[in-house]
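K.L.:
What follows is query.txt, made up of compact mmCIF, N, CA, C and O atoms:
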# COMPACT_ATOMS: atom_id res chain seq x y z
N MET Y 710 119.97 -147.61 78.23
CA MET Y 710 120.88 -148.16 77.27
C MET Y 710 120.34 -149.51 76.80
O MET Y 710 119.68 -150.22 77.55
N HIS Y 711 120.66 -149.84 75.57
CA HIS Y 711 120.25 -151.12 75.03
C HIS Y 711 121.22 -151.51 73.92
O HIS Y 711 121.99 -150.69 73.43
N ALA Y 712 121.17 -152.74 73.55
CA ALA Y 712 122.03 -153.25 72.48
C ALA Y 712 121.14 -153.71 71.34
O ALA Y 712 120.15 -154.42 71.55
N LEU Y 713 121.48 -153.29 70.14
CA LEU Y 713 120.72 -153.75 68.97
C LEU Y 713 121.00 -155.22 68.69
O LEU Y 713 120.11 -155.97 68.31
N ILE Y 714 122.26 -155.61 68.88
CA ILE Y 714 122.65 -157.02 68.71
C ILE Y 714 123.43 -157.42 69.96
O ILE Y 714 124.62 -157.13 70.07
N PRO Y 715 122.79 -158.05 70.93
CA PRO Y 715 123.48 -158.38 72.18
C PRO Y 715 124.53 -159.46 71.96
O PRO Y 715 124.38 -160.36 71.15
N SER Y 716 125.61 -159.34 72.70
CA SER Y 716 126.69 -160.32 72.64
C SER Y 716 126.39 -161.47 73.60
O SER Y 716 125.82 -161.28 74.67
N SER Y 717 126.78 -162.65 73.22
CA SER Y 717 126.62 -163.79 74.12
C SER Y 717 127.77 -163.86 75.11
O SER Y 717 127.72 -164.63 76.06
N GLU Y 718 128.81 -163.04 74.91
CA GLU Y 718 129.95 -163.00 75.83
C GLU Y 718 130.04 -161.62 76.45
O GLU Y 718 129.43 -160.67 76.00
N GLY Y 719 130.83 -161.52 77.50
CA GLY Y 719 131.07 -160.21 78.10
C GLY Y 719 130.11 -159.91 79.22
O GLY Y 719 129.82 -160.76 80.06
N GLY Y 720 129.57 -158.71 79.20
CA GLY Y 720 128.67 -158.28 80.25
C GLY Y 720 129.33 -157.35 81.24
O GLY Y 720 128.69 -156.84 82.15
N GLU Y 721 130.62 -157.08 81.05
CA GLU Y 721 131.31 -156.17 81.94
C GLU Y 721 130.87 -154.74 81.62
O GLU Y 721 130.58 -154.40 80.49
N SER Y 722 130.83 -153.91 82.67
CA SER Y 722 130.37 -152.55 82.48
C SER Y 722 131.07 -151.64 83.48
O SER Y 722 131.42 -152.06 84.58
N LEU Y 723 131.25 -150.39 83.09
CA LEU Y 723 131.77 -149.38 84.00
C LEU Y 723 130.65 -148.65 84.72
O LEU Y 723 130.89 -147.82 85.57
N PHE Y 724 129.41 -148.93 84.37
CA PHE Y 724 128.26 -148.24 84.93
C PHE Y 724 127.75 -148.96 86.18
O PHE Y 724 127.87 -150.16 86.30
N ALA Y 725 127.20 -148.18 87.08
CA ALA Y 725 126.61 -148.73 88.30
C ALA Y 725 125.36 -147.95 88.64
O ALA Y 725 125.21 -146.79 88.24
N ASP Y 726 124.47 -148.55 89.37
CA ASP Y 726 123.25 -147.89 89.82
C ASP Y 726 123.57 -147.15 91.11
O ASP Y 726 123.53 -147.72 92.20
N GLY Y 727 123.91 -145.87 90.99
CA GLY Y 727 124.31 -145.08 92.14
C GLY Y 727 123.22 -144.96 93.19
O GLY Y 727 123.51 -144.95 94.39
N LEU Y 728 121.97 -144.87 92.77
CA LEU Y 728 120.87 -144.75 93.74
C LEU Y 728 120.74 -146.03 94.55
O LEU Y 728 120.56 -145.98 95.78
N ALA Y 729 120.86 -147.18 93.89
CA ALA Y 729 120.79 -148.46 94.61
C ALA Y 729 121.98 -148.61 95.54
O ALA Y 729 121.84 -149.11 96.67
N LEU Y 730 123.16 -148.20 95.09
CA LEU Y 730 124.34 -148.29 95.95
C LEU Y 730 124.21 -147.38 97.17
O LEU Y 730 124.61 -147.75 98.28
N ALA Y 731 123.63 -146.20 96.98
CA ALA Y 731 123.42 -145.29 98.12
C ALA Y 731 122.46 -145.91 99.13
O ALA Y 731 122.69 -145.83 100.35
N GLU Y 732 121.40 -146.54 98.64
CA GLU Y 732 120.45 -147.19 99.56
C GLU Y 732 121.11 -148.36 100.28
O GLU Y 732 120.85 -148.60 101.46
N HIS Y 733 121.96 -149.09 99.58
CA HIS Y 733 122.70 -150.19 100.22
C HIS Y 733 123.60 -149.64 101.32
O HIS Y 733 123.67 -150.20 102.42
N LEU Y 734 124.29 -148.53 101.03
CA LEU Y 734 125.15 -147.91 102.03
C LEU Y 734 124.33 -147.44 103.22
O LEU Y 734 124.75 -147.59 104.37
N ARG Y 735 123.15 -146.88 102.98
CA ARG Y 735 122.28 -146.43 104.07
C ARG Y 735 121.96 -147.58 105.02
O ARG Y 735 121.97 -147.43 106.23
N ALA Y 736 121.68 -148.77 104.45
CA ALA Y 736 121.35 -149.94 105.26
C ALA Y 736 122.57 -150.54 105.95
O ALA Y 736 122.50 -150.95 107.11
N ALA Y 737 123.69 -150.59 105.24
CA ALA Y 737 124.88 -151.27 105.75
C ALA Y 737 125.73 -150.40 106.67
O ALA Y 737 126.35 -150.91 107.61
N ALA Y 738 125.78 -149.11 106.40
CA ALA Y 738 126.64 -148.21 107.18
C ALA Y 738 125.95 -146.85 107.31
O ALA Y 738 126.33 -145.88 106.65
N PRO Y 739 124.93 -146.76 108.15
CA PRO Y 739 124.14 -145.53 108.24
C PRO Y 739 124.94 -144.29 108.62
O PRO Y 739 124.64 -143.20 108.15
N ASP Y 740 125.97 -144.43 109.45
CA ASP Y 740 126.78 -143.27 109.82
C ASP Y 740 127.57 -142.74 108.62
O ASP Y 740 127.66 -141.53 108.41
N ALA Y 741 128.14 -143.64 107.83
CA ALA Y 741 128.88 -143.24 106.63
C ALA Y 741 127.93 -142.60 105.62
O ALA Y 741 128.26 -141.58 104.99
N PHE Y 742 126.75 -143.19 105.46
CA PHE Y 742 125.74 -142.64 104.57
C PHE Y 742 125.39 -141.21 104.99
O PHE Y 742 125.38 -140.28 104.16
N ALA Y 743 125.13 -141.01 106.27
CA ALA Y 743 124.76 -139.69 106.77
C ALA Y 743 125.89 -138.68 106.51
O ALA Y 743 125.62 -137.54 106.13
N GLN Y 744 127.12 -139.10 106.72
CA GLN Y 744 128.26 -138.20 106.48
C GLN Y 744 128.32 -137.77 105.02
O GLN Y 744 128.58 -136.61 104.71
N LEU Y 745 128.04 -138.70 104.10
CA LEU Y 745 128.09 -138.37 102.67
C LEU Y 745 126.92 -137.51 102.23
O LEU Y 745 126.96 -136.91 101.16
N THR Y 746 125.87 -137.42 103.04
CA THR Y 746 124.75 -136.52 102.72
C THR Y 746 124.96 -135.13 103.29
O THR Y 746 124.25 -134.20 102.90
N ARG Y 747 125.92 -134.98 104.22
CA ARG Y 747 126.13 -133.69 104.90
C ARG Y 747 127.40 -132.97 104.48
O ARG Y 747 127.51 -131.76 104.69
N THR Y 748 128.38 -133.69 103.96
CA THR Y 748 129.68 -133.09 103.68
C THR Y 748 129.75 -132.57 102.25
O THR Y 748 129.60 -133.33 101.29
N ALA Y 749 129.97 -131.26 102.11
CA ALA Y 749 130.11 -130.66 100.78
C ALA Y 749 131.46 -131.04 100.19
O ALA Y 749 132.49 -130.92 100.85
N VAL Y 750 131.45 -131.54 98.98
CA VAL Y 750 132.65 -131.95 98.27
C VAL Y 750 132.85 -131.00 97.09
O VAL Y 750 131.92 -130.74 96.33
N PRO Y 751 134.08 -130.46 96.92
CA PRO Y 751 134.31 -129.53 95.82
C PRO Y 751 134.54 -130.26 94.49
O PRO Y 751 135.21 -131.28 94.44
N PHE Y 752 133.97 -129.69 93.44
CA PHE Y 752 134.19 -130.15 92.07
C PHE Y 752 134.65 -128.93 91.27
O PHE Y 752 134.07 -127.85 91.38
N SER Y 753 135.71 -129.10 90.48
CA SER Y 753 136.28 -127.99 89.75
C SER Y 753 136.73 -128.45 88.38
O SER Y 753 137.28 -129.55 88.23
N LEU Y 754 136.52 -127.62 87.38
CA LEU Y 754 136.95 -127.94 86.02
C LEU Y 754 137.35 -126.65 85.33
O LEU Y 754 136.56 -125.70 85.28
N SER Y 755 138.58 -126.59 84.82
CA SER Y 755 139.07 -125.43 84.09
C SER Y 755 139.07 -125.75 82.61
O SER Y 755 139.73 -126.70 82.17
N LEU Y 756 138.36 -124.93 81.86
CA LEU Y 756 138.29 -125.06 80.41
C LEU Y 756 138.87 -123.80 79.79
O LEU Y 756 139.00 -122.78 80.46
N PRO Y 757 139.20 -123.83 78.51
CA PRO Y 757 139.76 -122.62 77.89
C PRO Y 757 138.84 -121.39 78.01
O PRO Y 757 139.32 -120.27 78.16
N ASP Y 758 137.53 -121.60 78.00
CA ASP Y 758 136.61 -120.47 78.04
C ASP Y 758 135.77 -120.39 79.31
O ASP Y 758 134.86 -119.56 79.40
N ALA Y 759 136.07 -121.21 80.31
CA ALA Y 759 135.28 -121.17 81.54
C ALA Y 759 135.98 -121.92 82.67
O ALA Y 759 136.69 -122.90 82.43
N ASP Y 760 135.80 -121.42 83.87
CA ASP Y 760 136.23 -122.13 85.07
C ASP Y 760 134.96 -122.48 85.85
O ASP Y 760 134.23 -121.59 86.27
N LEU Y 761 134.72 -123.77 86.01
CA LEU Y 761 133.51 -124.23 86.68
C LEU Y 761 133.84 -124.73 88.07
O LEU Y 761 134.87 -125.38 88.29
N TYR Y 762 132.98 -124.43 89.03
CA TYR Y 762 133.20 -124.86 90.42
C TYR Y 762 131.84 -125.07 91.08
O TYR Y 762 130.91 -124.29 90.89
N ALA Y 763 131.74 -126.13 91.84
CA ALA Y 763 130.53 -126.41 92.61
C ALA Y 763 130.92 -127.20 93.85
O ALA Y 763 131.93 -127.90 93.86
N GLU Y 764 130.13 -127.05 94.89
CA GLU Y 764 130.28 -127.86 96.10
C GLU Y 764 128.93 -128.49 96.40
O GLU Y 764 127.91 -127.79 96.40
N ARG Y 765 128.94 -129.78 96.63
CA ARG Y 765 127.69 -130.48 96.98
C ARG Y 765 128.05 -131.79 97.66
O ARG Y 765 129.14 -132.32 97.46
N PRO Y 766 127.13 -132.33 98.46
CA PRO Y 766 127.39 -133.64 99.06
C PRO Y 766 127.36 -134.72 97.98
O PRO Y 766 126.70 -134.55 96.94
N LEU Y 767 128.07 -135.80 98.21
CA LEU Y 767 128.09 -136.89 97.23
C LEU Y 767 126.72 -137.54 97.10
O LEU Y 767 126.36 -137.99 96.02
N ILE Y 768 125.96 -137.59 98.19
CA ILE Y 768 124.60 -138.14 98.15
C ILE Y 768 123.64 -137.02 98.50
O ILE Y 768 123.73 -136.42 99.57
N GLN Y 769 122.72 -136.73 97.59
CA GLN Y 769 121.72 -135.68 97.81
C GLN Y 769 120.38 -136.32 98.13
O GLN Y 769 119.93 -137.22 97.42
N LEU Y 770 119.76 -135.85 99.21
CA LEU Y 770 118.46 -136.36 99.63
C LEU Y 770 117.35 -135.38 99.23
O LEU Y 770 117.56 -134.17 99.19
N SER Y 771 116.17 -135.92 98.98
CA SER Y 771 114.99 -135.09 98.76
C SER Y 771 114.49 -134.59 100.11
O SER Y 771 114.96 -135.02 101.16
N VAL Y 772 113.48 -133.72 100.09
CA VAL Y 772 112.92 -133.22 101.35
C VAL Y 772 112.24 -134.34 102.14
O VAL Y 772 112.04 -134.22 103.34
N ARG Y 773 111.92 -135.46 101.48
CA ARG Y 773 111.32 -136.61 102.16
C ARG Y 773 112.37 -137.61 102.64
O ARG Y 773 112.03 -138.67 103.14
N GLY Y 774 113.68 -137.29 102.43
CA GLY Y 774 114.73 -138.18 102.88
C GLY Y 774 115.07 -139.29 101.90
O GLY Y 774 115.84 -140.19 102.23
N GLU Y 775 114.52 -139.24 100.71
CA GLU Y 775 114.83 -140.24 99.68
C GLU Y 775 116.10 -139.83 98.94
O GLU Y 775 116.39 -138.64 98.79
N VAL Y 776 116.86 -140.80 98.46
CA VAL Y 776 118.04 -140.50 97.67
C VAL Y 776 117.58 -139.90 96.35
O VAL Y 776 116.86 -140.52 95.58
N ALA Y 777 117.97 -138.65 96.11
CA ALA Y 777 117.55 -137.94 94.90
C ALA Y 777 118.64 -137.94 93.84
O ALA Y 777 118.34 -137.91 92.65
N ALA Y 778 119.91 -137.96 94.28
CA ALA Y 778 121.01 -137.91 93.31
C ALA Y 778 122.29 -138.39 93.97
O ALA Y 778 122.45 -138.30 95.20
N VAL Y 779 123.19 -138.90 93.16
CA VAL Y 779 124.55 -139.22 93.58
C VAL Y 779 125.46 -138.38 92.71
O VAL Y 779 125.41 -138.46 91.48
N HIS Y 780 126.29 -137.54 93.34
CA HIS Y 780 127.17 -136.62 92.61
C HIS Y 780 128.60 -137.15 92.72
O HIS Y 780 129.18 -137.17 93.79
N TYR Y 781 129.13 -137.58 91.59
CA TYR Y 781 130.53 -138.00 91.55
C TYR Y 781 131.02 -137.91 90.13
O TYR Y 781 130.36 -138.37 89.21
N ASN Y 782 132.17 -137.29 89.95
CA ASN Y 782 132.82 -137.22 88.66
C ASN Y 782 134.32 -137.28 88.92
O ASN Y 782 134.89 -136.34 89.47
N SER Y 783 134.94 -138.35 88.53
CA SER Y 783 136.37 -138.53 88.84
C SER Y 783 137.25 -137.53 88.10
O SER Y 783 138.38 -137.28 88.50
N ARG Y 784 136.75 -136.91 87.03
CA ARG Y 784 137.55 -135.93 86.29
C ARG Y 784 137.48 -134.53 86.90
O ARG Y 784 138.33 -133.71 86.63
N SER Y 785 136.46 -134.25 87.72
CA SER Y 785 136.35 -132.89 88.26
C SER Y 785 136.34 -132.81 89.77
O SER Y 785 136.29 -131.72 90.31
N ILE Y 786 136.38 -133.95 90.46
CA ILE Y 786 136.41 -133.89 91.93
C ILE Y 786 137.71 -133.24 92.35
O ILE Y 786 138.77 -133.51 91.79
N ALA Y 787 137.62 -132.31 93.28
CA ALA Y 787 138.78 -131.53 93.70
C ALA Y 787 139.23 -131.98 95.09
O ALA Y 787 138.47 -132.63 95.81
N PRO Y 788 140.47 -131.64 95.46
CA PRO Y 788 140.95 -132.02 96.80
C PRO Y 788 140.18 -131.32 97.91
O PRO Y 788 139.61 -130.29 97.72
Would you mind writing the file out in structure tokens?
P.N.:
Amino acid sequence: MHALIPSSEGGESLFADGLALAEHLRAAAPDAFAQLTRTAVPFSLSLPDADLYAERPLIQLSVRGEVAAVHYNSRSIAP
């Protein structure tokens, strides 16, 4: 993302670096980090022409143990 004309005020954002946050969690709370890499969380979305469902851990690791993805969507996370 970039701004064609940056503002001198503001700077607030709803975006966060999920990969950096996951690495911070790994360092600060390794047990919680491990739990979030092992626990499948359901995501569900019903649309007029499709019902979508997936289960995956919130933090996905690569085969080398690196954080590969952070899965979170507040509109489709299911109980």
K.L.:
Take the point (130.4, -133.0, 102.3) in the file's coordinates, draw a sphere of radius 10 Å around it, and report as JSON, numbers by chain every protein, DNA or RNA residue with an atom inside or on it, counting only C-alpha atoms.
P.N.:
{"Y": [743, 744, 745, 746, 747, 748, 749, 750, 751, 764, 765, 766, 767, 768]}
K.L.:
Determine which residues of stretch 737-788 of chain Y receive a DSSP assignment of helix (DSSP H, G or I), computed from the backbone, and state them as a count of residues only.
P.N.:
10
K.L.:
In Å, how far is it from atom CA of Y:Leu730 to atom CA of Y:Phe742?
P.N.:
10.4 Å
K.L.:
Of the residues Y:Arg784, Y:Ala741, Y:Gly719, Y:Leu713, which is the one nearest to Y:Ser755, using only N, CA, C and O atoms?
P.N.:
Y:Arg784
K.L.:
Name the residues in contact with Y:Gly727 at a cut-off of 12 Å, using only C-alpha atoms, excluding same-chain residues fewer than 6 positions from it; report them as a VMD selection string.
P.N.:
chain Y and resid 733 to 734 767 to 769 776 to 781
K.L.:
May I have all residues of chain Y that DSSP, computed from the backbone, assigns to strand (DSSP E or B), given as a ChimeraX atom specification?
P.N.:
/Y:749-756,759-766,768-770,776-779,786
K.L.:
Find the distance between atom C of Y:Asp726 and atom CA of Y:Ala763 and write it in Å to one decimal.
P.N.:
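Answer for the atom C of Y:Asp726 to atom CA of Y:Ala763 separation: 21.9 Å.
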K.L.:
With all atoms listed in the file as the basis for distance, which of Y:Ala736, Y:Ala725, Y:Pro788, Y:Leu770 is at the shortest distance from Y:Ser753?
P.N.:
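Residue with the minimum atom-to-atom distance to Y:Ser753: Y:Pro788.
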K.L.:
Which value, in Å to one decimal, gives the distance between atom CA of Y:Asp740 and atom CA of Y:Ser771?
P.N.:
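Those two atoms sit 18.1 Å apart.
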